[in-house]
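File shown here: coords_0.pdb, holding PDB, C-alpha atoms, pLDDT in the B column.
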ATOM      1  CA  MET A   1      67.558 140.697  35.763  1.00 98.00           C
ATOM      2  CA  ASP A   2      70.977 139.169  35.149  1.00 99.00           C
ATOM      3  CA  CYS A   3      73.053 140.942  37.790  1.00 99.00           C
ATOM      4  CA  HIS A   4      76.537 139.839  36.734  1.00 99.00           C
ATOM      5  CA  VAL A   5      77.581 140.707  33.172  1.00 99.00           C
ATOM      6  CA  HIS A   6      80.903 141.886  31.739  1.00 98.00           C
ATOM      7  CA  SER A   7      81.780 144.062  28.762  1.00 98.00           C
ATOM      8  CA  LEU A   8      84.979 145.226  27.098  1.00 96.00           C
ATOM      9  CA  PHE A   9      85.492 147.485  30.109  1.00 97.00           C
ATOM     10  CA  SER A  10      86.685 144.253  31.784  1.00 95.00           C
ATOM     11  CA  SER A  11      90.084 143.096  30.580  1.00 90.00           C
ATOM     12  CA  ASP A  12      88.824 139.501  30.225  1.00 90.00           C
ATOM     13  CA  SER A  13      85.894 140.389  27.933  1.00 95.00           C
ATOM     14  CA  ARG A  14      85.611 141.754  24.396  1.00 95.00           C
ATOM     15  CA  THR A  15      81.840 142.214  24.369  1.00 97.00           C
ATOM     16  CA  THR A  16      80.691 145.648  23.246  1.00 98.00           C
ATOM     17  CA  ILE A  17      77.921 147.672  24.844  1.00 98.00           C
ATOM     18  CA  ASP A  18      76.014 147.525  21.553  1.00 97.00           C
ATOM     19  CA  GLN A  19      76.139 143.718  21.634  1.00 97.00           C
ATOM     20  CA  LEU A  20      74.800 143.655  25.177  1.00 97.00           C
ATOM     21  CA  LYS A  21      72.021 146.103  24.383  1.00 96.00           C
ATOM     22  CA  ALA A  22      71.074 144.143  21.267  1.00 95.00           C
ATOM     23  CA  GLN A  23      70.233 141.003  23.244  1.00 91.00           C
ATOM     24  CA  ALA A  24      67.289 142.981  24.695  1.00 90.00           C
ATOM     25  CA  ARG A  25      67.071 141.308  28.093  1.00 96.00           C
ATOM     26  CA  PRO A  26      67.403 143.172  31.406  1.00 98.00           C
ATOM     27  CA  ILE A  27      70.965 143.160  32.721  1.00 99.00           C
ATOM     28  CA  THR A  28      73.203 144.933  35.185  1.00 99.00           C
ATOM     29  CA  LEU A  29      76.700 145.541  33.883  1.00 99.00           C
ATOM     30  CA  THR A  30      79.324 144.605  36.491  1.00 99.00           C
ATOM     31  CA  ASP A  31      82.760 145.211  35.056  1.00 98.00           C
ATOM     32  CA  HIS A  32      85.839 144.387  37.102  1.00 96.00           C
ATOM     33  CA  TYR A  33      87.454 146.920  39.399  1.00 96.00           C
ATOM     34  CA  ASP A  34      90.027 144.760  41.110  1.00 89.00           C
ATOM     35  CA  ILE A  35      93.283 146.396  42.166  1.00 83.00           C
ATOM     36  CA  HIS A  36      96.399 144.282  41.536  1.00 66.00           C
ATOM     37  CA  ALA A  37      94.281 141.274  40.706  1.00 61.00           C
ATOM     38  CA  ARG A  38      96.329 139.471  38.070  1.00 59.00           C
ATOM     39  CA  GLN A  39      99.819 139.445  36.685  1.00 54.00           C
ATOM     40  CA  GLY A  40     100.000 141.134  33.298  1.00 51.00           C
ATOM     41  CA  SER A  41      96.551 142.717  33.294  1.00 58.00           C
ATOM     42  CA  ASP A  42      94.896 145.811  34.701  1.00 66.00           C
ATOM     43  CA  PHE A  43      91.643 144.562  36.177  1.00 81.00           C
ATOM     44  CA  ARG A  44      90.017 147.961  36.501  1.00 91.00           C
ATOM     45  CA  PHE A  45      88.425 150.527  34.228  1.00 96.00           C
ATOM     46  CA  ASN A  46      88.448 154.310  34.042  1.00 97.00           C
ATOM     47  CA  PRO A  47      85.230 155.207  35.886  1.00 98.00           C
ATOM     48  CA  THR A  48      84.858 158.545  34.100  1.00 98.00           C
ATOM     49  CA  ALA A  49      85.049 156.863  30.691  1.00 98.00           C
ATOM     50  CA  TYR A  50      82.748 154.109  31.962  1.00 98.00           C
ATOM     51  CA  PHE A  51      79.958 156.494  32.873  1.00 99.00           C
ATOM     52  CA  GLU A  52      80.475 158.738  29.849  1.00 98.00           C
ATOM     53  CA  GLN A  53      79.652 155.769  27.635  1.00 98.00           C
ATOM     54  CA  LEU A  54      77.037 154.069  29.807  1.00 98.00           C
ATOM     55  CA  LEU A  55      74.878 156.857  31.207  1.00 98.00           C
ATOM     56  CA  PRO A  56      73.421 157.794  27.786  1.00 98.00           C
ATOM     57  CA  VAL A  57      72.195 154.206  27.290  1.00 98.00           C
ATOM     58  CA  ARG A  58      71.227 153.424  30.876  1.00 98.00           C
ATOM     59  CA  ASP A  59      67.562 152.537  31.367  1.00 98.00           C
ATOM     60  CA  ASP A  60      65.425 150.214  33.487  1.00 98.00           C
ATOM     61  CA  ASN A  61      66.689 147.224  31.499  1.00 98.00           C
ATOM     62  CA  PHE A  62      70.351 148.246  31.394  1.00 98.00           C
ATOM     63  CA  LEU A  63      71.753 149.187  34.782  1.00 99.00           C
ATOM     64  CA  ILE A  64      75.285 150.212  35.703  1.00 99.00           C
ATOM     65  CA  GLY A  65      77.103 148.189  38.327  1.00 99.00           C
ATOM     66  CA  VAL A  66      80.629 147.209  39.247  1.00 99.00           C
ATOM     67  CA  GLU A  67      82.362 144.063  40.498  1.00 98.00           C
ATOM     68  CA  ILE A  68      84.896 145.164  43.096  1.00 97.00           C
ATOM     69  CA  GLY A  69      87.725 143.011  44.370  1.00 92.00           C
ATOM     70  CA  LEU A  70      87.342 142.697  48.138  1.00 94.00           C
ATOM     71  CA  ARG A  71      90.923 143.268  49.208  1.00 88.00           C
ATOM     72  CA  GLN A  72      92.365 145.552  51.827  1.00 89.00           C
ATOM     73  CA  GLU A  73      94.773 147.116  49.354  1.00 84.00           C
ATOM     74  CA  GLY A  74      93.256 150.006  47.426  1.00 87.00           C
ATOM     75  CA  ASP A  75      90.247 150.338  49.684  1.00 93.00           C
ATOM     76  CA  ARG A  76      90.442 154.138  49.742  1.00 95.00           C
ATOM     77  CA  GLU A  77      90.495 154.317  45.951  1.00 95.00           C
ATOM     78  CA  ILE A  78      87.526 151.987  45.609  1.00 96.00           C
ATOM     79  CA  ARG A  79      85.486 153.612  48.367  1.00 98.00           C
ATOM     80  CA  SER A  80      86.111 157.039  46.834  1.00 98.00           C
ATOM     81  CA  MET A  81      84.950 155.763  43.450  1.00 98.00           C
ATOM     82  CA  LEU A  82      81.761 154.333  44.945  1.00 98.00           C
ATOM     83  CA  GLU A  83      81.001 157.699  46.533  1.00 98.00           C
ATOM     84  CA  ASP A  84      81.798 159.741  43.414  1.00 98.00           C
ATOM     85  CA  TYR A  85      79.923 157.775  40.730  1.00 99.00           C
ATOM     86  CA  PRO A  86      76.231 156.800  40.508  1.00 99.00           C
ATOM     87  CA  PHE A  87      76.443 153.020  40.438  1.00 99.00           C
ATOM     88  CA  ASP A  88      73.194 151.080  40.551  1.00 99.00           C
ATOM     89  CA  PHE A  89      74.784 147.997  42.077  1.00 99.00           C
ATOM     90  CA  VAL A  90      78.007 147.011  43.837  1.00 99.00           C
ATOM     91  CA  LEU A  91      78.942 143.339  43.589  1.00 99.00           C
ATOM     92  CA  GLY A  92      81.812 142.155  45.783  1.00 98.00           C
ATOM     93  CA  SER A  93      84.120 139.279  44.867  1.00 96.00           C
ATOM     94  CA  VAL A  94      86.968 137.534  46.655  1.00 93.00           C
ATOM     95  CA  HIS A  95      89.443 136.806  43.882  1.00 86.00           C
ATOM     96  CA  ALA A  96      92.558 137.011  46.064  1.00 82.00           C
ATOM     97  CA  PRO A  97      93.725 136.881  49.693  1.00 82.00           C
ATOM     98  CA  PHE A  98      92.434 139.808  51.712  1.00 83.00           C
ATOM     99  CA  ASP A  99      95.824 141.319  52.532  1.00 80.00           C
ATOM    100  CA  ALA A 100      97.992 140.087  49.645  1.00 69.00           C
ATOM    101  CA  PRO A 101     100.429 142.961  48.932  1.00 60.00           C
ATOM    102  CA  THR A 102     101.017 142.257  45.229  1.00 60.00           C
ATOM    103  CA  LYS A 103      99.221 141.041  42.108  1.00 58.00           C
ATOM    104  CA  HIS A 104      97.382 137.890  43.024  1.00 64.00           C
ATOM    105  CA  ASP A 105      94.412 135.803  41.904  1.00 69.00           C
ATOM    106  CA  PHE A 106      93.157 132.509  43.284  1.00 72.00           C
ATOM    107  CA  TYR A 107      92.116 131.435  39.781  1.00 60.00           C
ATOM    108  CA  MET A 108      95.564 131.713  38.212  1.00 60.00           C
ATOM    109  CA  ASP A 109      98.115 131.568  41.024  1.00 63.00           C
ATOM    110  CA  GLN A 110      99.381 128.651  43.084  1.00 70.00           C
ATOM    111  CA  THR A 111      97.915 129.745  46.402  1.00 74.00           C
ATOM    112  CA  PHE A 112      96.550 126.281  47.113  1.00 77.00           C
ATOM    113  CA  LEU A 113      99.649 124.346  46.047  1.00 75.00           C
ATOM    114  CA  GLY A 114     100.445 121.741  48.690  1.00 82.00           C
ATOM    115  CA  MET A 115      97.087 122.102  50.472  1.00 88.00           C
ATOM    116  CA  ASP A 116      94.540 119.336  50.681  1.00 92.00           C
ATOM    117  CA  GLN A 117      90.926 120.054  49.764  1.00 92.00           C
ATOM    118  CA  LEU A 118      89.763 120.941  53.273  1.00 95.00           C
ATOM    119  CA  ALA A 119      92.750 123.180  54.000  1.00 93.00           C
ATOM    120  CA  ALA A 120      92.266 125.057  50.723  1.00 90.00           C
ATOM    121  CA  GLN A 121      88.569 125.662  51.288  1.00 94.00           C
ATOM    122  CA  THR A 122      89.035 126.590  54.937  1.00 96.00           C
ATOM    123  CA  TYR A 123      91.636 129.151  53.924  1.00 92.00           C
ATOM    124  CA  TYR A 124      89.376 130.530  51.195  1.00 93.00           C
ATOM    125  CA  PHE A 125      86.320 130.887  53.434  1.00 97.00           C
ATOM    126  CA  GLU A 126      88.442 132.574  56.110  1.00 97.00           C
ATOM    127  CA  GLU A 127      89.498 135.141  53.507  1.00 95.00           C
ATOM    128  CA  VAL A 128      85.873 135.631  52.445  1.00 97.00           C
ATOM    129  CA  LEU A 129      84.833 136.276  56.050  1.00 98.00           C
ATOM    130  CA  ARG A 130      87.585 138.862  56.529  1.00 97.00           C
ATOM    131  CA  SER A 131      86.538 140.563  53.303  1.00 96.00           C
ATOM    132  CA  VAL A 132      82.835 140.688  54.157  1.00 98.00           C
ATOM    133  CA  GLU A 133      83.593 142.205  57.553  1.00 98.00           C
ATOM    134  CA  PHE A 134      85.787 144.884  55.923  1.00 98.00           C
ATOM    135  CA  TRP A 135      83.531 145.800  52.984  1.00 97.00           C
ATOM    136  CA  PRO A 136      79.983 146.703  54.128  1.00 97.00           C
ATOM    137  CA  GLU A 137      79.670 148.924  51.033  1.00 97.00           C
ATOM    138  CA  MET A 138      78.795 146.047  48.716  1.00 99.00           C
ATOM    139  CA  ASP A 139      75.210 145.135  47.897  1.00 99.00           C
ATOM    140  CA  ALA A 140      75.870 141.456  47.147  1.00 99.00           C
ATOM    141  CA  LEU A 141      78.619 138.861  47.526  1.00 99.00           C
ATOM    142  CA  SER A 142      79.513 137.018  44.339  1.00 98.00           C
ATOM    143  CA  HIS A 143      80.431 133.395  43.514  1.00 96.00           C
ATOM    144  CA  LEU A 144      81.019 131.918  46.956  1.00 97.00           C
ATOM    145  CA  ASP A 145      82.123 128.764  45.116  1.00 94.00           C
ATOM    146  CA  TYR A 146      85.027 130.579  43.411  1.00 91.00           C
ATOM    147  CA  VAL A 147      87.576 128.443  45.257  1.00 89.00           C
ATOM    148  CA  ILE A 148      86.776 125.394  43.144  1.00 86.00           C
ATOM    149  CA  ARG A 149      87.059 127.280  39.872  1.00 79.00           C
ATOM    150  CA  SER A 150      90.824 127.442  40.345  1.00 68.00           C
ATOM    151  CA  ALA A 151      92.763 124.825  38.428  1.00 61.00           C
ATOM    152  CA  GLN A 152      95.208 124.801  41.349  1.00 68.00           C
ATOM    153  CA  ALA A 153      92.593 124.031  44.005  1.00 70.00           C
ATOM    154  CA  PRO A 154      92.226 120.389  45.052  1.00 78.00           C
ATOM    155  CA  GLY A 155      88.756 118.921  44.607  1.00 81.00           C
ATOM    156  CA  ARG A 156      85.793 119.997  42.522  1.00 84.00           C
ATOM    157  CA  GLU A 157      83.053 120.193  45.124  1.00 93.00           C
ATOM    158  CA  LEU A 158      82.513 122.307  48.214  1.00 96.00           C
ATOM    159  CA  LEU A 159      83.072 120.659  51.587  1.00 96.00           C
ATOM    160  CA  ILE A 160      79.973 122.158  53.153  1.00 97.00           C
ATOM    161  CA  GLU A 161      79.764 120.069  56.327  1.00 98.00           C
ATOM    162  CA  PRO A 162      83.333 120.515  57.645  1.00 98.00           C
ATOM    163  CA  CYS A 163      83.228 124.213  56.702  1.00 98.00           C
ATOM    164  CA  THR A 164      79.755 124.848  58.124  1.00 99.00           C
ATOM    165  CA  ASP A 165      80.875 127.101  60.982  1.00 98.00           C
ATOM    166  CA  LEU A 166      82.864 129.350  58.644  1.00 98.00           C
ATOM    167  CA  ILE A 167      80.131 129.523  56.022  1.00 99.00           C
ATOM    168  CA  GLU A 168      77.528 130.325  58.680  1.00 99.00           C
ATOM    169  CA  ALA A 169      79.775 133.103  60.017  1.00 99.00           C
ATOM    170  CA  ILE A 170      80.027 134.560  56.503  1.00 99.00           C
ATOM    171  CA  PHE A 171      76.259 134.528  56.075  1.00 99.00           C
ATOM    172  CA  ILE A 172      75.601 136.033  59.508  1.00 99.00           C
ATOM    173  CA  ALA A 173      78.063 138.834  58.736  1.00 99.00           C
ATOM    174  CA  MET A 174      76.307 139.414  55.418  1.00 99.00           C
ATOM    175  CA  VAL A 175      72.837 139.532  56.956  1.00 99.00           C
ATOM    176  CA  ASP A 176      74.054 141.925  59.666  1.00 99.00           C
ATOM    177  CA  ARG A 177      75.378 144.245  56.923  1.00 98.00           C
ATOM    178  CA  GLN A 178      72.360 143.800  54.621  1.00 98.00           C
ATOM    179  CA  ILE A 179      74.509 142.156  51.953  1.00 99.00           C
ATOM    180  CA  VAL A 180      72.664 139.622  49.807  1.00 99.00           C
ATOM    181  CA  LEU A 181      74.043 136.458  48.259  1.00 99.00           C
ATOM    182  CA  GLU A 182      74.604 136.071  44.543  1.00 99.00           C
ATOM    183  CA  VAL A 183      73.808 132.695  43.041  1.00 98.00           C
ATOM    184  CA  ASN A 184      76.329 132.506  40.225  1.00 97.00           C
ATOM    185  CA  THR A 185      75.323 130.107  37.449  1.00 97.00           C
ATOM    186  CA  ARG A 186      78.675 129.873  35.689  1.00 93.00           C
ATOM    187  CA  ARG A 187      79.472 126.412  37.140  1.00 92.00           C
ATOM    188  CA  PHE A 188      76.034 124.930  36.437  1.00 93.00           C
ATOM    189  CA  SER A 189      77.367 122.314  34.004  1.00 88.00           C
ATOM    190  CA  GLN A 190      79.750 120.906  36.636  1.00 88.00           C
ATOM    191  CA  ALA A 191      78.546 117.832  38.476  1.00 88.00           C
ATOM    192  CA  SER A 192      78.798 119.324  41.964  1.00 93.00           C
ATOM    193  CA  PHE A 193      76.922 122.570  41.240  1.00 94.00           C
ATOM    194  CA  LEU A 194      73.501 121.467  42.474  1.00 95.00           C
ATOM    195  CA  SER A 195      74.683 119.819  45.677  1.00 96.00           C
ATOM    196  CA  ASP A 196      77.008 122.747  46.430  1.00 97.00           C
ATOM    197  CA  TRP A 197      74.280 125.342  46.055  1.00 97.00           C
ATOM    198  CA  HIS A 198      71.651 123.312  47.887  1.00 97.00           C
ATOM    199  CA  GLY A 199      74.063 123.228  50.819  1.00 98.00           C
ATOM    200  CA  LEU A 200      74.902 126.927  50.614  1.00 98.00           C
ATOM    201  CA  LEU A 201      71.321 128.118  50.250  1.00 98.00           C
ATOM    202  CA  LYS A 202      70.145 125.986  53.164  1.00 98.00           C
ATOM    203  CA  LEU A 203      72.762 127.600  55.425  1.00 99.00           C
ATOM    204  CA  TYR A 204      72.043 131.062  54.035  1.00 99.00           C
ATOM    205  CA  ARG A 205      68.356 130.702  54.830  1.00 99.00           C
ATOM    206  CA  GLN A 206      69.111 129.399  58.325  1.00 98.00           C
ATOM    207  CA  ALA A 207      71.383 132.409  58.953  1.00 99.00           C
ATOM    208  CA  GLY A 208      68.542 134.792  58.125  1.00 99.00           C
ATOM    209  CA  GLY A 209      69.195 135.381  54.442  1.00 99.00           C
ATOM    210  CA  ARG A 210      65.999 136.074  52.533  1.00 98.00           C
ATOM    211  CA  GLN A 211      67.070 137.622  49.207  1.00 99.00           C
ATOM    212  CA  VAL A 212      69.429 136.603  46.410  1.00 99.00           C
ATOM    213  CA  VAL A 213      70.574 138.086  43.147  1.00 99.00           C
ATOM    214  CA  LEU A 214      71.103 135.850  40.147  1.00 98.00           C
ATOM    215  CA  GLY A 215      74.171 136.302  37.963  1.00 98.00           C
ATOM    216  CA  SER A 216      75.471 134.484  34.908  1.00 98.00           C
ATOM    217  CA  ASP A 217      78.981 135.974  35.140  1.00 97.00           C
ATOM    218  CA  ALA A 218      78.722 136.273  31.354  1.00 98.00           C
ATOM    219  CA  HIS A 219      81.729 137.582  29.464  1.00 96.00           C
ATOM    220  CA  SER A 220      79.880 137.418  26.147  1.00 96.00           C
ATOM    221  CA  ALA A 221      76.327 138.218  25.076  1.00 96.00           C
ATOM    222  CA  ALA A 222      75.688 134.513  24.469  1.00 95.00           C
ATOM    223  CA  GLY A 223      76.226 133.704  28.147  1.00 96.00           C
ATOM    224  CA  ILE A 224      73.615 136.068  29.553  1.00 97.00           C
ATOM    225  CA  TYR A 225      70.797 134.352  31.530  1.00 97.00           C
ATOM    226  CA  ARG A 226      72.443 130.967  31.108  1.00 96.00           C
ATOM    227  CA  HIS A 227      70.765 128.300  33.308  1.00 96.00           C
ATOM    228  CA  PHE A 228      68.501 130.839  35.040  1.00 97.00           C
ATOM    229  CA  ASP A 229      65.359 128.720  34.698  1.00 94.00           C
ATOM    230  CA  GLN A 230      66.906 125.721  36.433  1.00 93.00           C
ATOM    231  CA  VAL A 231      68.572 127.745  39.178  1.00 95.00           C
ATOM    232  CA  GLY A 232      65.404 129.753  39.758  1.00 94.00           C
ATOM    233  CA  GLN A 233      63.682 126.541  40.822  1.00 93.00           C
ATOM    234  CA  ILE A 234      66.328 125.954  43.494  1.00 95.00           C
ATOM    235  CA  ILE A 235      65.964 129.497  44.814  1.00 97.00           C
ATOM    236  CA  ARG A 236      62.209 129.091  45.162  1.00 96.00           C
ATOM    237  CA  GLN A 237      62.671 125.755  46.919  1.00 96.00           C
ATOM    238  CA  TYR A 238      64.360 127.579  49.807  1.00 97.00           C
ATOM    239  CA  GLY A 239      61.780 130.349  49.959  1.00 97.00           C
ATOM    240  CA  LEU A 240      64.250 132.997  48.816  1.00 98.00           C
ATOM    241  CA  GLU A 241      63.260 136.159  47.010  1.00 98.00           C
ATOM    242  CA  ARG A 242      65.055 137.125  43.817  1.00 98.00           C
ATOM    243  CA  VAL A 243      66.032 140.802  43.785  1.00 99.00           C
ATOM    244  CA  TYR A 244      68.141 143.341  41.918  1.00 99.00           C
ATOM    245  CA  PHE A 245      69.440 146.831  42.686  1.00 99.00           C
ATOM    246  CA  ASP A 246      68.518 150.117  41.024  1.00 99.00           C
ATOM    247  CA  ARG A 247      70.394 153.199  42.247  1.00 98.00           C
ATOM    248  CA  ARG A 248      71.599 151.061  45.165  1.00 99.00           C
ATOM    249  CA  VAL A 249      68.015 150.330  46.232  1.00 99.00           C
ATOM    250  CA  MET A 250      66.955 146.692  46.469  1.00 99.00           C
ATOM    251  CA  LYS A 251      63.950 145.816  44.307  1.00 99.00           C
ATOM    252  CA  LYS A 252      62.020 142.607  43.824  1.00 98.00           C
ATOM    253  CA  TRP A 253      62.448 140.936  40.465  1.00 94.00           C
TER     254      TRP A 253
END
Rewrite the structure from the file as structure tokens, please.
Amino acid sequence: MDCHVHSLFSSDSRTTIDQLKAQARPITLTDHYDIHARQGSDFRFNPTAYFEQLLPVRDDNFLIGVEIGLRQEGDREIRSMLEDYPFDFVLGSVHAPFDAPTKHDFYMDQTFLGMDQLAAQTYYFEEVLRSVEFWPEMDALSHLDYVIRSAQAPGRELLIEPCTDLIEAIFIAMVDRQIVLEVNTRRFSQASFLSDWHGLLKLYRQAGGRQVVLGSDAHSAAGIYRHFDQVGQIIRQYGLERVYFDRRVMKKW
């Protein structure tokens, strides 16, 4: 199961539901619901329209999830939506500072301008920890390496050792809340991907993590399942179980 896939219900994708269904591999749709995420775009969908289109085609190989932005702002709206609609899976992502009051996104904004690599990553992991502690509703935490996707962030590899205490605190908070880690394969072609994820998975396992979901973060049908074979070998190396969620219930894949 590819547990991180976007469709035209996300403002940064143009992929139709028919195109996703046609590729005939099991996926969980996780379109963005991220309040005030980016300047000039509405990073959320109409949940009623979402389910009107998706429920008729939902089956064991096409599940309905959501990628929520883990910010303090809009928490009542998001929590109400999660209660009112029958999502299979809730994926949480830290795209912006926890308490930023306006449109903001680490990927596009200049949050890290003037910071060195360690300061930028320390700040990012602190925001992730705050978000995890505030959002126990999510099933999995997405792309923990998001900080180095930003063109504004210094460095292109995670500083695992100097950030160990923060990363361990994130994983302990996740395990306490029964939140699993997503291994996001989008950066696989970058040189630091393997060393970054070896470091993260080692700490996750030591903190008590036992399950992961695998997500391509595909914004087109062609990106689904990209690099899953190679990343699956890393997951097995650390004795982690690959899972997915169906009606918010964890299942082994």
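Going from atom CA of A:Ala49 over to atom CA of A:Asp12, you cover 17.8 Å.
Picked by the PyMOL selection byres ((chain A and resi 71) around 8) from the coordinates shown: Gly69, Leu70, Gln72, Glu73, Gly74, Asp75, Val94, Ala96, Pro97, Phe98, Asp99, Ala100 and Ser131 of chain A.
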* **Explicit residue set for the PyMOL selection byres ((chain A and resi 65) around 6), as a VMD selection string** => chain A and resid 28 to 30 64 66 87 to 90
Show which residues sit within 10 Å of stretch 223-226 of chain A, as an mmCIF file with C-alpha atoms, in the frame of the given file. Count only C-alpha atoms, and ignore same-chain residues fewer than 6 positions away.
data_model
loop_
_atom_site.group_PDB
_atom_site.id
_atom_site.type_symbol
_atom_site.label_atom_id
_atom_site.label_comp_id
_atom_site.auth_asym_id
_atom_site.auth_seq_id
_atom_site.Cartn_x
_atom_site.Cartn_y
_atom_site.Cartn_z
ATOM 1 C CA MET A 1 67.558 140.697 35.763
ATOM 2 C CA ASP A 2 70.977 139.169 35.149
ATOM 3 C CA CYS A 3 73.053 140.942 37.790
ATOM 4 C CA HIS A 4 76.537 139.839 36.734
ATOM 5 C CA VAL A 5 77.581 140.707 33.172
ATOM 6 C CA HIS A 6 80.903 141.886 31.739
ATOM 7 C CA LEU A 20 74.800 143.655 25.177
ATOM 8 C CA GLN A 23 70.233 141.003 23.244
ATOM 9 C CA ARG A 25 67.071 141.308 28.093
ATOM 10 C CA PRO A 26 67.403 143.172 31.406
ATOM 11 C CA ILE A 27 70.965 143.160 32.721
ATOM 12 C CA THR A 185 75.323 130.107 37.449
ATOM 13 C CA ARG A 186 78.675 129.873 35.689
ATOM 14 C CA PHE A 188 76.034 124.930 36.437
ATOM 15 C CA LEU A 214 71.103 135.850 40.147
ATOM 16 C CA GLY A 215 74.171 136.302 37.963
ATOM 17 C CA SER A 216 75.471 134.484 34.908
ATOM 18 C CA ASP A 217 78.981 135.974 35.140
#
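Across the model, the gap from atom CA of A:Leu8 to atom CA of A:Ala153 is 28.2 Å.
Remark: residues at most 12 Å from position (77.0, 145.1, 22.1) in file coordinates are Val5, His6, Ser7, Leu8, Phe9, Ser13, Arg14, Thr15, Thr16, Ile17, Asp18, Gln19, Leu20, Lys21, Ala22, Gln23, Ala24, Leu29, Leu54, Val57, Phe62, His219, Ser220, Ala221 and Ala222 of chain A, using only C-alpha atoms.
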Export, as a JSON list (two decimals), in the coordinates of the input, the selected residues with C-alpha atoms.
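Output contents, as saved in part36.json:
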[["chain", "number", "residue", "atom", "x", "y", "z"],
["A", 5, "VAL", "CA", 77.58, 140.71, 33.17],
["A", 6, "HIS", "CA", 80.90, 141.89, 31.74],
["A", 7, "SER", "CA", 81.78, 144.06, 28.76],
["A", 8, "LEU", "CA", 84.98, 145.23, 27.10],
["A", 9, "PHE", "CA", 85.49, 147.49, 30.11],
["A", 13, "SER", "CA", 85.89, 140.39, 27.93],
["A", 14, "ARG", "CA", 85.61, 141.75, 24.40],
["A", 15, "THR", "CA", 81.84, 142.21, 24.37],
["A", 16, "THR", "CA", 80.69, 145.65, 23.25],
["A", 17, "ILE", "CA", 77.92, 147.67, 24.84],
["A", 18, "ASP", "CA", 76.01, 147.52, 21.55],
["A", 19, "GLN", "CA", 76.14, 143.72, 21.63],
["A", 20, "LEU", "CA", 74.80, 143.66, 25.18],
["A", 21, "LYS", "CA", 72.02, 146.10, 24.38],
["A", 22, "ALA", "CA", 71.07, 144.14, 21.27],
["A", 23, "GLN", "CA", 70.23, 141.00, 23.24],
["A", 24, "ALA", "CA", 67.29, 142.98, 24.70],
["A", 29, "LEU", "CA", 76.70, 145.54, 33.88],
["A", 54, "LEU", "CA", 77.04, 154.07, 29.81],
["A", 57, "VAL", "CA", 72.19, 154.21, 27.29],
["A", 62, "PHE", "CA", 70.35, 148.25, 31.39],
["A", 219, "HIS", "CA", 81.73, 137.58, 29.46],
["A", 220, "SER", "CA", 79.88, 137.42, 26.15],
["A", 221, "ALA", "CA", 76.33, 138.22, 25.08],
["A", 222, "ALA", "CA", 75.69, 134.51, 24.47]]
Please work out which residues fall within 12 Å of (83.3, 125.7, 60.9), coordinates as given in the file, with only C-alpha atoms counting, and return them as a PDB file with C-alpha atoms, in the coordinates of the input.
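Contents of part_6.pdb, as written:
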ATOM      1  CA  LEU A 118      89.763 120.941  53.273  1.00 95.00           C
ATOM      2  CA  ALA A 119      92.750 123.180  54.000  1.00 93.00           C
ATOM      3  CA  GLN A 121      88.569 125.662  51.288  1.00 94.00           C
ATOM      4  CA  THR A 122      89.035 126.590  54.937  1.00 96.00           C
ATOM      5  CA  TYR A 123      91.636 129.151  53.924  1.00 92.00           C
ATOM      6  CA  PHE A 125      86.320 130.887  53.434  1.00 97.00           C
ATOM      7  CA  GLU A 126      88.442 132.574  56.110  1.00 97.00           C
ATOM      8  CA  LEU A 129      84.833 136.276  56.050  1.00 98.00           C
ATOM      9  CA  LEU A 159      83.072 120.659  51.587  1.00 96.00           C
ATOM     10  CA  ILE A 160      79.973 122.158  53.153  1.00 97.00           C
ATOM     11  CA  GLU A 161      79.764 120.069  56.327  1.00 98.00           C
ATOM     12  CA  PRO A 162      83.333 120.515  57.645  1.00 98.00           C
ATOM     13  CA  CYS A 163      83.228 124.213  56.702  1.00 98.00           C
ATOM     14  CA  THR A 164      79.755 124.848  58.124  1.00 99.00           C
ATOM     15  CA  ASP A 165      80.875 127.101  60.982  1.00 98.00           C
ATOM     16  CA  LEU A 166      82.864 129.350  58.644  1.00 98.00           C
ATOM     17  CA  ILE A 167      80.131 129.523  56.022  1.00 99.00           C
ATOM     18  CA  GLU A 168      77.528 130.325  58.680  1.00 99.00           C
ATOM     19  CA  ALA A 169      79.775 133.103  60.017  1.00 99.00           C
ATOM     20  CA  ILE A 170      80.027 134.560  56.503  1.00 99.00           C
TER      21      ILE A 170
END
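Of the residues under consideration (A:Gln211, A:Ser10, A:Asn61, A:Thr48), A:Thr48 shows the shortest atom-to-atom contact distance to A:Pro86 when counting all atoms listed in the file.
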* Structure fact -> re atom CA of A:Met138 and atom CA of A:Arg177: distance 9.1 Å
* **Result set, the PyMOL selection byres ((chain A and resi 240-248) around 6) on current file, as a PyMOL selection string** => chain A and resi 88-89+210-213+235-236+238-239+249-253
Keeping only C-alpha atoms, write the selected residues to a file as an mmCIF file, in the coordinates of the input.
data_model
loop_
_atom_site.group_PDB
_atom_site.id
_atom_site.type_symbol
_atom_site.label_atom_id
_atom_site.label_comp_id
_atom_site.auth_asym_id
_atom_site.auth_seq_id
_atom_site.Cartn_x
_atom_site.Cartn_y
_atom_site.Cartn_z
ATOM 1 C CA ASP A 88 73.194 151.080 40.551
ATOM 2 C CA PHE A 89 74.784 147.997 42.077
ATOM 3 C CA ARG A 210 65.999 136.074 52.533
ATOM 4 C CA GLN A 211 67.070 137.622 49.207
ATOM 5 C CA VAL A 212 69.429 136.603 46.410
ATOM 6 C CA VAL A 213 70.574 138.086 43.147
ATOM 7 C CA ILE A 235 65.964 129.497 44.814
ATOM 8 C CA ARG A 236 62.209 129.091 45.162
ATOM 9 C CA TYR A 238 64.360 127.579 49.807
ATOM 10 C CA GLY A 239 61.780 130.349 49.959
ATOM 11 C CA VAL A 249 68.015 150.330 46.232
ATOM 12 C CA MET A 250 66.955 146.692 46.469
ATOM 13 C CA LYS A 251 63.950 145.816 44.307
ATOM 14 C CA LYS A 252 62.020 142.607 43.824
ATOM 15 C CA TRP A 253 62.448 140.936 40.465
#
